[in-house]
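**Student:** Sending over work-v9.json (JSON, C-alpha atoms and all ligand atoms).
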[["chain", "number", "residue", "atom", "x", "y", "z"],
["A", 1, "MET", "CA", 61.61, 122.43, 130.09],
["A", 2, "LEU", "CA", 63.18, 124.52, 132.89],
["A", 3, "VAL", "CA", 65.92, 122.59, 134.65],
["A", 4, "LYS", "CA", 68.18, 123.56, 137.54],
["A", 5, "PHE", "CA", 71.10, 121.46, 136.34],
["A", 6, "ALA", "CA", 71.95, 119.49, 133.25],
["A", 7, "VAL", "CA", 74.96, 117.20, 133.13],
["A", 8, "ILE", "CA", 77.12, 116.65, 130.07],
["A", 9, "GLY", "CA", 79.43, 113.66, 130.18],
["A", 10, "GLY", "CA", 82.63, 113.97, 128.17],
["A", 11, "ASN", "CA", 84.12, 110.82, 126.71],
["A", 12, "ALA", "CA", 86.57, 110.36, 129.62],
["A", 13, "SER", "CA", 84.00, 110.58, 132.43],
["A", 14, "LYS", "CA", 80.67, 109.24, 131.19],
["A", 15, "ASP", "CA", 80.01, 106.89, 134.08],
["A", 16, "LEU", "CA", 80.82, 109.51, 136.71],
["A", 17, "ALA", "CA", 78.71, 112.12, 134.87],
["A", 18, "LYS", "CA", 75.72, 109.74, 134.80],
["A", 19, "ARG", "CA", 76.10, 109.12, 138.54],
["A", 20, "ILE", "CA", 76.14, 112.88, 139.18],
["A", 21, "ALA", "CA", 73.04, 113.36, 137.00],
["A", 22, "ARG", "CA", 71.21, 110.55, 138.84],
["A", 23, "ARG", "CA", 71.99, 112.05, 142.24],
["A", 24, "LEU", "CA", 70.85, 115.50, 141.09],
["A", 25, "LYS", "CA", 67.83, 114.06, 139.27],
["A", 26, "ALA", "CA", 69.09, 116.18, 136.37],
["A", 27, "PRO", "CA", 68.96, 115.42, 132.66],
["A", 28, "TYR", "CA", 72.06, 113.68, 131.35],
["A", 29, "VAL", "CA", 73.28, 114.93, 128.01],
["A", 30, "GLU", "CA", 75.05, 112.31, 125.95],
["A", 31, "THR", "CA", 78.01, 113.31, 123.78],
["A", 32, "ARG", "CA", 79.25, 111.17, 120.92],
["A", 33, "THR", "CA", 82.94, 111.27, 120.24],
["A", 34, "LYS", "CA", 84.48, 109.99, 117.06],
["A", 35, "THR", "CA", 88.24, 109.83, 116.59],
["A", 36, "PHE", "CA", 89.54, 110.52, 113.11],
["A", 37, "PRO", "CA", 92.50, 108.50, 111.79],
["A", 38, "ASP", "CA", 94.85, 111.41, 112.54],
["A", 39, "GLY", "CA", 93.74, 111.51, 116.19],
["A", 40, "GLU", "CA", 91.38, 114.51, 115.99],
["A", 41, "SER", "CA", 88.15, 114.26, 118.00],
["A", 42, "LYS", "CA", 84.75, 114.99, 116.53],
["A", 43, "ILE", "CA", 82.17, 115.64, 119.25],
["A", 44, "THR", "CA", 78.42, 115.62, 118.66],
["A", 45, "PHE", "CA", 75.62, 116.53, 121.09],
["A", 46, "ARG", "CA", 72.05, 115.30, 120.79],
["A", 47, "HIS", "CA", 70.50, 118.21, 122.68],
["A", 48, "ILE", "CA", 71.53, 120.68, 125.40],
["A", 49, "PRO", "CA", 68.77, 121.98, 127.72],
["A", 50, "LYS", "CA", 68.49, 125.78, 127.54],
["A", 51, "GLN", "CA", 68.13, 126.80, 131.17],
["A", 52, "GLY", "CA", 70.01, 126.28, 134.38],
["A", 53, "VAL", "CA", 73.58, 125.38, 135.24],
["A", 54, "ILE", "CA", 75.30, 123.05, 132.83],
["A", 55, "LEU", "CA", 77.82, 120.73, 134.42],
["A", 56, "VAL", "CA", 80.49, 119.49, 132.04],
["A", 57, "VAL", "CA", 82.25, 116.44, 133.48],
["A", 58, "GLN", "CA", 85.53, 115.38, 131.94],
["A", 59, "SER", "CA", 88.73, 114.13, 133.60],
["A", 60, "THR", "CA", 91.96, 114.84, 131.77],
["A", 61, "TYR", "CA", 93.85, 111.59, 132.23],
["A", 62, "PRO", "CA", 95.77, 110.09, 129.27],
["A", 63, "PRO", "CA", 95.50, 110.90, 126.43],
["A", 64, "VAL", "CA", 95.75, 114.14, 128.43],
["A", 65, "ASP", "CA", 95.78, 116.66, 125.58],
["A", 66, "THR", "CA", 92.91, 114.93, 123.76],
["A", 67, "ASN", "CA", 90.73, 114.77, 126.85],
["A", 68, "LEU", "CA", 91.62, 118.35, 127.71],
["A", 69, "LEU", "CA", 90.73, 119.70, 124.28],
["A", 70, "GLN", "CA", 87.48, 117.72, 124.37],
["A", 71, "ALA", "CA", 86.62, 119.36, 127.70],
["A", 72, "ILE", "CA", 87.36, 122.83, 126.28],
["A", 73, "SER", "CA", 85.34, 122.10, 123.12],
["A", 74, "ILE", "CA", 82.30, 120.87, 125.09],
["A", 75, "ILE", "CA", 82.44, 123.90, 127.40],
["A", 76, "SER", "CA", 82.67, 126.31, 124.43],
["A", 77, "GLN", "CA", 79.69, 124.68, 122.74],
["A", 78, "ALA", "CA", 77.60, 124.61, 125.94],
["A", 79, "ARG", "CA", 78.49, 128.28, 126.57],
["A", 80, "LYS", "CA", 76.52, 129.20, 123.42],
["A", 81, "ILE", "CA", 73.40, 127.96, 125.21],
["A", 82, "SER", "CA", 74.00, 128.93, 128.85],
["A", 83, "SER", "CA", 76.22, 131.42, 130.65],
["A", 84, "LYS", "CA", 76.39, 129.14, 133.68],
["A", 85, "ILE", "CA", 78.86, 126.45, 132.77],
["A", 86, "TYR", "CA", 80.57, 124.60, 135.59],
["A", 87, "ALA", "CA", 83.55, 122.49, 134.52],
["A", 88, "ILE", "CA", 83.91, 119.43, 136.73],
["A", 89, "ILE", "CA", 87.41, 118.18, 136.02],
["A", 90, "PRO", "CA", 87.81, 115.38, 138.60],
["A", 91, "TYR", "CA", 91.41, 114.70, 137.59],
["A", 92, "MET", "CA", 93.21, 117.82, 136.40],
["A", 93, "GLY", "CA", 96.19, 116.92, 134.24],
["A", 94, "TYR", "CA", 99.13, 119.34, 134.07],
["A", 95, "ALA", "CA", 98.64, 120.24, 137.75],
["A", 96, "ARG", "CA", 102.11, 118.90, 138.52],
["A", 97, "GLN", "CA", 103.47, 121.55, 136.11],
["A", 98, "ASP", "CA", 102.35, 124.29, 138.45],
["A", 99, "ARG", "CA", 105.70, 126.17, 138.64],
["A", 100, "GLN", "CA", 109.14, 126.37, 137.07],
["A", 101, "PHE", "CA", 111.34, 123.68, 138.57],
["A", 102, "LEU", "CA", 114.21, 124.09, 136.10],
["A", 103, "SER", "CA", 115.00, 127.24, 134.19],
["A", 104, "GLY", "CA", 113.35, 127.45, 130.76],
["A", 105, "GLU", "CA", 110.39, 125.23, 131.65],
["A", 106, "VAL", "CA", 106.93, 126.32, 130.49],
["A", 107, "VAL", "CA", 104.36, 126.40, 133.30],
["A", 108, "THR", "CA", 101.65, 124.69, 131.27],
["A", 109, "MET", "CA", 99.13, 124.67, 134.12],
["A", 110, "SER", "CA", 98.84, 128.43, 133.78],
["A", 111, "ILE", "CA", 98.04, 128.16, 130.04],
["A", 112, "VAL", "CA", 95.48, 125.40, 130.64],
["A", 113, "ALA", "CA", 93.80, 127.52, 133.33],
["A", 114, "LYS", "CA", 93.47, 130.41, 130.85],
["A", 115, "MET", "CA", 91.90, 128.03, 128.31],
["A", 116, "PHE", "CA", 89.08, 127.18, 130.75],
["A", 117, "LYS", "CA", 88.42, 130.86, 131.37],
["A", 118, "THR", "CA", 88.45, 131.76, 127.68],
["A", 119, "ALA", "CA", 86.08, 128.89, 126.83],
["A", 120, "GLY", "CA", 83.49, 130.51, 129.11],
["A", 121, "THR", "CA", 83.72, 128.43, 132.29],
["A", 122, "LYS", "CA", 81.86, 130.08, 135.15],
["A", 123, "LYS", "CA", 83.37, 127.82, 137.80],
["A", 124, "VAL", "CA", 85.85, 124.92, 137.92],
["A", 125, "ILE", "CA", 85.55, 122.01, 140.32],
["A", 126, "PHE", "CA", 88.34, 119.55, 140.98],
["A", 127, "ILE", "CA", 88.90, 116.55, 143.17],
["A", 128, "ASP", "CA", 92.22, 116.71, 145.02],
["A", 129, "ILE", "CA", 94.02, 118.91, 142.50],
["A", 130, "HIS", "CA", 97.74, 118.28, 142.94],
["A", 131, "SER", "CA", 98.64, 121.60, 144.59],
["A", 132, "LYS", "CA", 97.41, 124.94, 145.79],
["A", 133, "ALA", "CA", 99.80, 126.54, 143.29],
["A", 134, "ALA", "CA", 97.99, 124.73, 140.45],
["A", 135, "LEU", "CA", 94.61, 125.88, 141.77],
["A", 136, "ASN", "CA", 95.83, 129.47, 141.99],
["A", 137, "HIS", "CA", 96.40, 129.61, 138.24],
["A", 138, "PHE", "CA", 92.61, 129.58, 137.74],
["A", 139, "LYS", "CA", 91.39, 133.17, 137.82],
["A", 140, "ILE", "CA", 87.71, 132.17, 137.98],
["A", 141, "PRO", "CA", 85.62, 130.77, 140.85],
["A", 142, "LYS", "CA", 87.03, 127.41, 141.80],
["A", 143, "GLU", "CA", 86.59, 124.59, 144.25],
["A", 144, "ASN", "CA", 88.84, 121.74, 145.22],
["A", 145, "ILE", "CA", 87.01, 118.83, 146.84],
["A", 146, "SER", "CA", 88.82, 116.23, 148.95],
["A", 147, "ALA", "CA", 88.22, 112.54, 148.28],
["A", 148, "ILE", "CA", 90.12, 111.59, 151.44],
["A", 149, "PRO", "CA", 86.99, 111.13, 153.64],
["A", 150, "GLU", "CA", 85.51, 108.76, 151.02],
["A", 151, "LEU", "CA", 88.75, 106.77, 150.74],
["A", 152, "ALA", "CA", 89.06, 106.61, 154.53],
["A", 153, "LYS", "CA", 85.49, 105.29, 154.83],
["A", 154, "ARG", "CA", 86.45, 102.41, 152.58],
["A", 155, "PHE", "CA", 89.54, 101.55, 154.66],
["A", 156, "LYS", "CA", 87.56, 101.80, 157.90],
["A", 157, "LYS", "CA", 85.55, 98.77, 156.77],
["A", 158, "MET", "CA", 88.69, 96.67, 156.34],
["A", 159, "LYS", "CA", 90.18, 94.58, 159.13],
["A", 160, "LEU", "CA", 93.61, 96.12, 159.52],
["A", 161, "LYS", "CA", 96.16, 95.38, 162.24],
["A", 162, "ASN", "CA", 97.13, 98.51, 164.18],
["A", 163, "PRO", "CA", 97.08, 100.61, 160.97],
["A", 164, "LEU", "CA", 99.55, 103.40, 160.33],
["A", 165, "VAL", "CA", 99.05, 105.94, 157.55],
["A", 166, "VAL", "CA", 102.13, 106.75, 155.49],
["A", 167, "SER", "CA", 102.75, 109.61, 153.10],
["A", 168, "PRO", "CA", 105.46, 108.75, 150.56],
["A", 169, "ASP", "CA", 106.70, 112.36, 150.75],
["A", 170, "ILE", "CA", 106.71, 115.34, 153.10],
["A", 171, "GLY", "CA", 104.46, 117.28, 150.71],
["A", 172, "GLY", "CA", 101.66, 114.78, 151.40],
["A", 173, "SER", "CA", 101.86, 115.10, 155.21],
["A", 174, "LEU", "CA", 98.60, 117.02, 155.61],
["A", 175, "ARG", "CA", 96.75, 114.50, 153.46],
["A", 176, "ALA", "CA", 98.12, 111.60, 155.54],
["A", 177, "LYS", "CA", 97.32, 113.43, 158.78],
["A", 178, "LYS", "CA", 93.71, 113.94, 157.70],
["A", 179, "PHE", "CA", 93.39, 110.30, 156.58],
["A", 180, "ALA", "CA", 94.88, 109.07, 159.89],
["A", 181, "ALA", "CA", 92.53, 111.28, 161.93],
["A", 182, "LEU", "CA", 89.53, 109.76, 160.14],
["A", 183, "LEU", "CA", 90.85, 106.30, 161.03],
["A", 184, "ASN", "CA", 91.70, 107.30, 164.60],
["A", 185, "THR", "CA", 95.30, 106.42, 164.15],
["A", 186, "ASP", "CA", 98.71, 108.03, 163.57],
["A", 187, "PHE", "CA", 100.74, 108.84, 160.48],
["A", 188, "VAL", "CA", 104.28, 109.20, 159.26],
["A", 189, "ALA", "CA", 105.73, 111.02, 156.23],
["A", 190, "LEU", "CA", 108.73, 109.63, 154.37],
["A", 191, "LYS", "CA", 111.36, 111.83, 152.77],
["A", 192, "LYS", "CA", 111.29, 111.42, 149.01],
["A", 193, "SER", "CA", 113.44, 113.11, 146.40],
["A", 194, "ARG", "CA", 112.95, 113.10, 142.65],
["A", 195, "ASN", "CA", 115.62, 113.78, 140.08],
["A", 196, "ARG", "CA", 114.05, 116.57, 138.04],
["A", 197, "LYS", "CA", 115.87, 115.47, 134.88],
["A", 198, "THR", "CA", 115.36, 111.68, 134.95],
["A", 199, "GLY", "CA", 112.20, 111.56, 137.10],
["A", 200, "LYS", "CA", 113.83, 108.83, 139.27],
["A", 201, "VAL", "CA", 112.62, 108.67, 142.87],
["A", 202, "GLN", "CA", 114.60, 107.95, 146.06],
["A", 203, "ILE", "CA", 113.37, 107.49, 149.64],
["A", 204, "GLN", "CA", 115.79, 109.09, 152.07],
["A", 205, "SER", "CA", 114.20, 108.44, 155.50],
["A", 206, "SER", "CA", 116.59, 106.58, 157.77],
["A", 207, "LYS", "CA", 113.92, 104.53, 159.55],
["A", 208, "ALA", "CA", 110.25, 104.47, 160.44],
["A", 209, "ASP", "CA", 108.69, 102.59, 163.34],
["A", 210, "VAL", "CA", 106.34, 100.37, 161.35],
["A", 211, "HIS", "CA", 107.25, 96.97, 162.77],
["A", 212, "GLY", "CA", 104.30, 94.53, 162.71],
["A", 213, "ARG", "CA", 101.80, 97.18, 161.62],
["A", 214, "ASP", "CA", 99.50, 97.26, 158.59],
["A", 215, "LEU", "CA", 100.32, 100.34, 156.54],
["A", 216, "ILE", "CA", 98.20, 102.51, 154.27],
["A", 217, "VAL", "CA", 100.34, 104.54, 151.88],
["A", 218, "VAL", "CA", 98.27, 107.54, 150.80],
["A", 219, "ASP", "CA", 99.02, 109.66, 147.73],
["A", 220, "ASP", "CA", 97.07, 111.99, 145.45],
["A", 221, "ILE", "CA", 98.31, 110.58, 142.14],
["A", 222, "ILE", "CA", 99.91, 107.32, 141.08],
["A", 223, "SER", "CA", 101.50, 107.76, 137.69],
["A", 224, "THR", "CA", 104.46, 105.50, 136.94],
["A", 225, "GLY", "CA", 104.16, 103.89, 140.38],
["A", 226, "GLY", "CA", 107.80, 104.82, 141.15],
["A", 227, "SER", "CA", 106.97, 106.65, 144.39],
["A", 228, "ILE", "CA", 104.78, 103.84, 145.74],
["A", 229, "VAL", "CA", 107.25, 101.10, 144.77],
["A", 230, "LYS", "CA", 110.17, 102.88, 146.47],
["A", 231, "ALA", "CA", 108.08, 103.61, 149.56],
["A", 232, "THR", "CA", 106.87, 99.98, 149.76],
["A", 233, "GLN", "CA", 110.38, 98.56, 149.37],
["A", 234, "PHE", "CA", 111.60, 100.87, 152.13],
["A", 235, "LEU", "CA", 108.70, 100.00, 154.46],
["A", 236, "LYS", "CA", 109.06, 96.27, 153.87],
["A", 237, "ARG", "CA", 112.73, 96.54, 154.86],
["A", 238, "GLN", "CA", 111.53, 98.05, 158.15],
["A", 239, "LYS", "CA", 109.54, 94.82, 158.75],
["A", 240, "CYS", "CA", 106.01, 96.17, 158.50],
["A", 241, "LYS", "CA", 103.05, 93.80, 158.12],
["A", 242, "ARG", "CA", 100.91, 94.41, 155.02],
["A", 243, "VAL", "CA", 101.05, 97.48, 152.75],
["A", 244, "PHE", "CA", 97.84, 98.92, 151.30],
["A", 245, "VAL", "CA", 97.69, 101.87, 148.94],
["A", 246, "ALA", "CA", 95.04, 104.58, 148.75],
["A", 247, "CYS", "CA", 95.09, 107.25, 146.09],
["A", 248, "THR", "CA", 92.65, 109.67, 144.52],
["A", 249, "HIS", "CA", 93.84, 109.49, 140.94],
["A", 250, "GLY", "CA", 95.14, 106.16, 139.65],
["A", 251, "LEU", "CA", 96.76, 106.89, 136.30],
["A", 252, "PHE", "CA", 98.87, 103.70, 136.29],
["A", 253, "VAL", "CA", 100.98, 104.60, 133.31],
["A", 254, "GLY", "CA", 102.47, 101.57, 131.50],
["A", 255, "ASN", "CA", 102.72, 98.57, 133.83],
["A", 256, "ALA", "CA", 102.57, 100.65, 137.05],
["A", 257, "GLU", "CA", 99.86, 98.51, 138.64],
["A", 258, "LYS", "CA", 101.84, 95.33, 138.05],
["A", 259, "LYS", "CA", 105.06, 96.91, 139.41],
["A", 260, "ILE", "CA", 103.26, 98.05, 142.56],
["A", 261, "LYS", "CA", 101.75, 94.62, 143.20],
["A", 262, "LYS", "CA", 105.15, 93.01, 142.58],
["A", 263, "SER", "CA", 106.75, 95.27, 145.20],
["A", 264, "GLY", "CA", 104.52, 93.62, 147.81],
["A", 265, "VAL", "CA", 101.41, 95.83, 148.00],
["A", 266, "SER", "CA", 98.36, 93.80, 149.11],
["A", 267, "GLN", "CA", 95.69, 96.07, 147.62],
["A", 268, "ILE", "CA", 95.39, 99.39, 145.79],
["A", 269, "ILE", "CA", 92.22, 101.45, 146.11],
["A", 270, "SER", "CA", 91.62, 104.59, 144.06],
["A", 271, "THR", "CA", 88.59, 106.70, 143.13],
["A", 272, "ASN", "CA", 86.56, 106.89, 139.94],
["A", 273, "THR", "CA", 88.06, 110.26, 138.93],
["A", 274, "ILE", "CA", 89.95, 107.85, 136.66],
["A", 275, "PRO", "CA", 88.03, 104.69, 135.84],
["A", 276, "GLY", "CA", 89.94, 101.42, 136.16],
["A", 277, "SER", "CA", 90.30, 98.13, 138.01],
["A", 278, "THR", "CA", 91.27, 99.85, 141.29],
["A", 279, "SER", "CA", 88.69, 102.68, 141.21],
["A", 280, "LYS", "CA", 86.45, 101.35, 143.98],
["A", 281, "VAL", "CA", 85.55, 104.67, 145.60],
["A", 282, "ASP", "CA", 82.84, 106.82, 144.03],
["A", 283, "VAL", "CA", 83.26, 110.61, 144.21],
["A", 284, "SER", "CA", 79.87, 111.55, 142.67],
["A", 285, "GLY", "CA", 78.39, 112.07, 146.16],
["A", 286, "VAL", "CA", 80.99, 114.62, 147.29],
["A", 287, "ILE", "CA", 80.74, 116.45, 143.97],
["A", 288, "VAL", "CA", 76.96, 116.73, 144.25],
["A", 289, "GLU", "CA", 77.18, 117.86, 147.90],
["A", 290, "SER", "CA", 79.44, 120.72, 146.84],
["A", 291, "ILE", "CA", 77.18, 122.06, 144.06],
["A", 292, "ARG", "CA", 73.70, 121.49, 145.42],
["A", 301, "LIG", "C1", 104.08, 113.92, 143.62],
["A", 301, "LIG", "O1", 104.31, 114.95, 144.26],
["A", 301, "LIG", "C2", 102.73, 113.27, 143.61],
["A", 301, "LIG", "O2", 102.05, 113.54, 144.80],
["A", 301, "LIG", "C3", 102.85, 111.77, 143.39],
["A", 301, "LIG", "O3", 103.56, 111.21, 144.47],
["A", 301, "LIG", "C4", 103.54, 111.47, 142.10],
["A", 301, "LIG", "O4", 103.00, 112.21, 141.07],
["A", 301, "LIG", "C5", 103.47, 110.01, 141.77],
["A", 301, "LIG", "O5", 104.14, 109.77, 140.58],
["A", 301, "LIG", "P1", 104.78, 108.36, 140.27],
["A", 301, "LIG", "O6", 103.71, 107.33, 140.45],
["A", 301, "LIG", "O7", 105.24, 108.46, 138.83],
["A", 301, "LIG", "O8", 105.92, 108.18, 141.22]]
Spit out the file's structure as C-alpha cells when you get a sec.

**Tutor:**
Amino acid sequence: MLVKFAVIGGNASKDLAKRIARRLKAPYVETRTKTFPDGESKITFRHIPKQGVILVVQSTYPPVDTNLLQAISIISQARKISSKIYAIIPYMGYARQDRQFLSGEVVTMSIVAKMFKTAGTKKVIFIDIHSKAALNHFKIPKENISAIPELAKRFKKMKLKNPLVVSPDIGGSLRAKKFAALLNTDFVALKKSRNRKTGKVQIQSSKADVHGRDLIVVDDIISTGGSIVKATQFLKRQKCKRVFVACTHGLFVGNAEKKIKKSGVSQIISTNTIPGSTSKVDVSGVIVESIR
C-alpha cells in the first residue's frame, strides 16, 4: 500500500504518536519494547510501510539515555526501509547542555545532534526546544514548534482576575511576552540566578507590581521545580492573588509537583510532550499542522 505518512510510536510517546497518526489518517506502527534485567531495551516492530515519510515519535524524558537510544535505534531501523525519516522529539533532553558553562564540561547536545544525523534522520521536529543554541547543533533540516498558543488557549478559558504573565527568568521574557499577547495582558520577567555547581536557584528581583492579580508563571521546562518554587515564594511575598503555572515540558523530577503545590501554586498545566497528571494540553495538532 502506498502511504504518504506512517507514524511509529516509541515507548515514551505512544499516546501522542497515535494522536498524530489519527489526525493524519496515517497508519500507526506499533513498537514493542522489552527491558532486560540489566536495563537494555529490546525493540520489535510488527511491520513498517515501505513508502512515504516515516514519522518516529519519541520524547527523551527520564530515563533520558534509554529513551534517546530507543529513538536512535528506531530511526536506524526505519531508515533501512525509507530515506524519509522525520524524528519528532517533542521533548529534547540534553538541550540545557547546549554550551560550556564551566571549563571542562562536555557539550552533550552537540553529540546527541550528531547521533540523529548519523542514524539517518532527514528532519528533526521539536516542541519548544530549550534554546536556539541547542537547535543550532543539528546540522540537518529542523523545526522548532511553539506550544505557547495551545497553552494560552487553555488559560483563556479560565476565569482569572486581571492576569499577569510572569517569566521566572530573563531568558524566558520572549515566551512570556508571547503568552501575554495571546491573553491580551502584560508580562513581567523575574531575575533568576542558578549556582552552576550546586544547581540552587535564587530570585533577585527587588519587587514586582503583582498586588491582587492572578499570575501565570510560564516556563519551558519544570525539572526539580526549584525555579517555580522560588518564583512563587517571591510573588506571594509581593501579595499577589493566585499563582498558576504553565509549562511545555513537565518533567517533575522526584517530588517536584508536590513541592510546587506546597509553595502555593493553585494549578499546573503542561503539555503531553511528557505524559503525566498535569499534561492537559495536546500538541498533536500543532505537530500535524507543521508537517502536512
Ligand atoms: C532554565 O533555563 C529553564 O528554562 C527552566 O527554568 C529550568 O530548567 C527549570 O528547572 P528546575 O525546575 O529544576 O528549576

**Student:** Would you mind listing the residues within 9 Å of ligand LIG 301 (chain A), counting all atoms listed in the file, as a VMD selection string?

**Tutor:** chain A and resid 96 130 to 131 167 to 169 171 to 172 192 194 199 to 201 219 to 230 250 to 253 256

**Student:** Please compute the atom CA of Asn67 of chain A-atom CA of Gly10 of chain A distance, one decimal, in Å.

**Tutor:** 8.2 Å

**Student:** With a distance cut-off of 7 Å and all atoms listed in the file, select the neighbouring residues of segment 104-120 of chain A, excluding the residue or stretch itself and same-chain residues fewer than 6 positions from it, and output the selection as a list in words.

**Tutor:**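 Final neighbour list, sorted by chain and number: Ile72, Ile75, Ser76, Arg79, Tyr94, Ala95, Gln97, Asp98, Ala134, His137, Phe138 and Ile140 of chain A.
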
**Student:** Which value, in Å to one decimal, gives the distance between atom CA of Ala17 of chain A and atom CA of Val57 of chain A?

**Tutor:**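 So the answer is 5.8 Å.
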
**Student:** For Ala71 of chain A, list every protein, DNA or RNA residue within 12 Å, evaluated using all atoms listed in the file, and leave out those in the same chain fewer than 2 positions away; present the list as a PyMOL selection string.

**Tutor:** chain A and resi 8-13+31+33+41+43+55-61+64-69+73-78+85-93+112+115-116+119-121+124

**Student:** Generate the output file for the selected residues, C-alpha atoms, as a PDB file, in the frame of the given file.

**Tutor:**
ATOM      1  CA  ILE A   8      77.120 116.650 130.070  1.00  0.00           C
ATOM      2  CA  GLY A   9      79.430 113.660 130.180  1.00  0.00           C
ATOM      3  CA  GLY A  10      82.630 113.970 128.170  1.00  0.00           C
ATOM      4  CA  ASN A  11      84.120 110.820 126.710  1.00  0.00           C
ATOM      5  CA  ALA A  12      86.570 110.360 129.620  1.00  0.00           C
ATOM      6  CA  SER A  13      84.000 110.580 132.430  1.00  0.00           C
ATOM      7  CA  THR A  31      78.010 113.310 123.780  1.00  0.00           C
ATOM      8  CA  THR A  33      82.940 111.270 120.240  1.00  0.00           C
ATOM      9  CA  SER A  41      88.150 114.260 118.000  1.00  0.00           C
ATOM     10  CA  ILE A  43      82.170 115.640 119.250  1.00  0.00           C
ATOM     11  CA  LEU A  55      77.820 120.730 134.420  1.00  0.00           C
ATOM     12  CA  VAL A  56      80.490 119.490 132.040  1.00  0.00           C
ATOM     13  CA  VAL A  57      82.250 116.440 133.480  1.00  0.00           C
ATOM     14  CA  GLN A  58      85.530 115.380 131.940  1.00  0.00           C
ATOM     15  CA  SER A  59      88.730 114.130 133.600  1.00  0.00           C
ATOM     16  CA  THR A  60      91.960 114.840 131.770  1.00  0.00           C
ATOM     17  CA  TYR A  61      93.850 111.590 132.230  1.00  0.00           C
ATOM     18  CA  VAL A  64      95.750 114.140 128.430  1.00  0.00           C
ATOM     19  CA  ASP A  65      95.780 116.660 125.580  1.00  0.00           C
ATOM     20  CA  THR A  66      92.910 114.930 123.760  1.00  0.00           C
ATOM     21  CA  ASN A  67      90.730 114.770 126.850  1.00  0.00           C
ATOM     22  CA  LEU A  68      91.620 118.350 127.710  1.00  0.00           C
ATOM     23  CA  LEU A  69      90.730 119.700 124.280  1.00  0.00           C
ATOM     24  CA  SER A  73      85.340 122.100 123.120  1.00  0.00           C
ATOM     25  CA  ILE A  74      82.300 120.870 125.090  1.00  0.00           C
ATOM     26  CA  ILE A  75      82.440 123.900 127.400  1.00  0.00           C
ATOM     27  CA  SER A  76      82.670 126.310 124.430  1.00  0.00           C
ATOM     28  CA  GLN A  77      79.690 124.680 122.740  1.00  0.00           C
ATOM     29  CA  ALA A  78      77.600 124.610 125.940  1.00  0.00           C
ATOM     30  CA  ILE A  85      78.860 126.450 132.770  1.00  0.00           C
ATOM     31  CA  TYR A  86      80.570 124.600 135.590  1.00  0.00           C
ATOM     32  CA  ALA A  87      83.550 122.490 134.520  1.00  0.00           C
ATOM     33  CA  ILE A  88      83.910 119.430 136.730  1.00  0.00           C
ATOM     34  CA  ILE A  89      87.410 118.180 136.020  1.00  0.00           C
ATOM     35  CA  PRO A  90      87.810 115.380 138.600  1.00  0.00           C
ATOM     36  CA  TYR A  91      91.410 114.700 137.590  1.00  0.00           C
ATOM     37  CA  MET A  92      93.210 117.820 136.400  1.00  0.00           C
ATOM     38  CA  GLY A  93      96.190 116.920 134.240  1.00  0.00           C
ATOM     39  CA  VAL A 112      95.480 125.400 130.640  1.00  0.00           C
ATOM     40  CA  MET A 115      91.900 128.030 128.310  1.00  0.00           C
ATOM     41  CA  PHE A 116      89.080 127.180 130.750  1.00  0.00           C
ATOM     42  CA  ALA A 119      86.080 128.890 126.830  1.00  0.00           C
ATOM     43  CA  GLY A 120      83.490 130.510 129.110  1.00  0.00           C
ATOM     44  CA  THR A 121      83.720 128.430 132.290  1.00  0.00           C
ATOM     45  CA  VAL A 124      85.850 124.920 137.920  1.00  0.00           C
TER      46      VAL A 124
END

**Student:** A:Ser277, A:Ser146, A:Ser206, A:Thr232: which is nearest Phe179 of chain A, counting all atoms listed in the file?

**Tutor:** A:Ser146

**Student:** Please, what distance in Å, to one decimal, runs between atom CA of Arg23 of chain A and atom CA of Ser284 of chain A?

**Tutor:**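 So the two atoms, atom CA of Arg23 of chain A and atom CA of Ser284 of chain A, lie 7.9 Å apart.
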
**Student:** Find the residue from A:Gln267, A:Thr248, A:Thr35, A:Ser193 that sits nearest to Ala147 of chain A; use all atoms listed in the file when measuring.

**Tutor:**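 Among the listed residues, A:Thr248 lies closest to Ala147 of chain A.
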
**Student:** What lies within 9 Å of segment 151-154 of chain A using only C-alpha atoms, ignoring chain neighbours under 2 positions off, as an mmCIF file with C-alpha atoms, in the frame of the given file?

**Tutor:**
data_model
loop_
_atom_site.group_PDB
_atom_site.id
_atom_site.type_symbol
_atom_site.label_atom_id
_atom_site.label_comp_id
_atom_site.auth_asym_id
_atom_site.auth_seq_id
_atom_site.Cartn_x
_atom_site.Cartn_y
_atom_site.Cartn_z
ATOM 1 C CA ALA A 147 88.220 112.540 148.280
ATOM 2 C CA ILE A 148 90.120 111.590 151.440
ATOM 3 C CA PRO A 149 86.990 111.130 153.640
ATOM 4 C CA LYS A 156 87.560 101.800 157.900
ATOM 5 C CA LYS A 157 85.550 98.770 156.770
ATOM 6 C CA MET A 158 88.690 96.670 156.340
ATOM 7 C CA PHE A 179 93.390 110.300 156.580
ATOM 8 C CA ALA A 180 94.880 109.070 159.890
ATOM 9 C CA LEU A 182 89.530 109.760 160.140
ATOM 10 C CA LEU A 183 90.850 106.300 161.030
ATOM 11 C CA ALA A 246 95.040 104.580 148.750
ATOM 12 C CA CYS A 247 95.090 107.250 146.090
ATOM 13 C CA THR A 248 92.650 109.670 144.520
ATOM 14 C CA ILE A 269 92.220 101.450 146.110
ATOM 15 C CA SER A 270 91.620 104.590 144.060
ATOM 16 C CA THR A 271 88.590 106.700 143.130
ATOM 17 C CA LYS A 280 86.450 101.350 143.980
ATOM 18 C CA VAL A 281 85.550 104.670 145.600
ATOM 19 C CA ASP A 282 82.840 106.820 144.030
#

**Student:** Identify, on the basis of all atoms listed in the file, every residue whose closest approach to Arg22 of chain A does not exceed 12 Å; exclude the query and any residue fewer than 3 positions from it along the same chain; express the result as a list of chain:residue names.

**Tutor:**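 The neighbour list is A:Phe5, A:Ala6, A:Val7, A:Asp15, A:Leu16, A:Ala17, A:Lys18, A:Arg19, A:Lys25, A:Ala26, A:Pro27, A:Tyr28, A:Val29, A:Ser284, A:Gly285, A:Val288.
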
**Student:** Residues near Val210 of chain A, anyone? I mean within 9 Å using all atoms listed in the file, not counting same-chain ones fewer than 4 positions away, as a PyMOL selection string.

**Tutor:** chain A and resi 164+214-215+235-236+238-241

**Student:** Just checking: using all atoms listed in the file, which residue out of A:Asn184, A:Lys191, A:Pro141, A:Lys197 ends up closest to Ser103 of chain A?

**Tutor:** A:Lys197
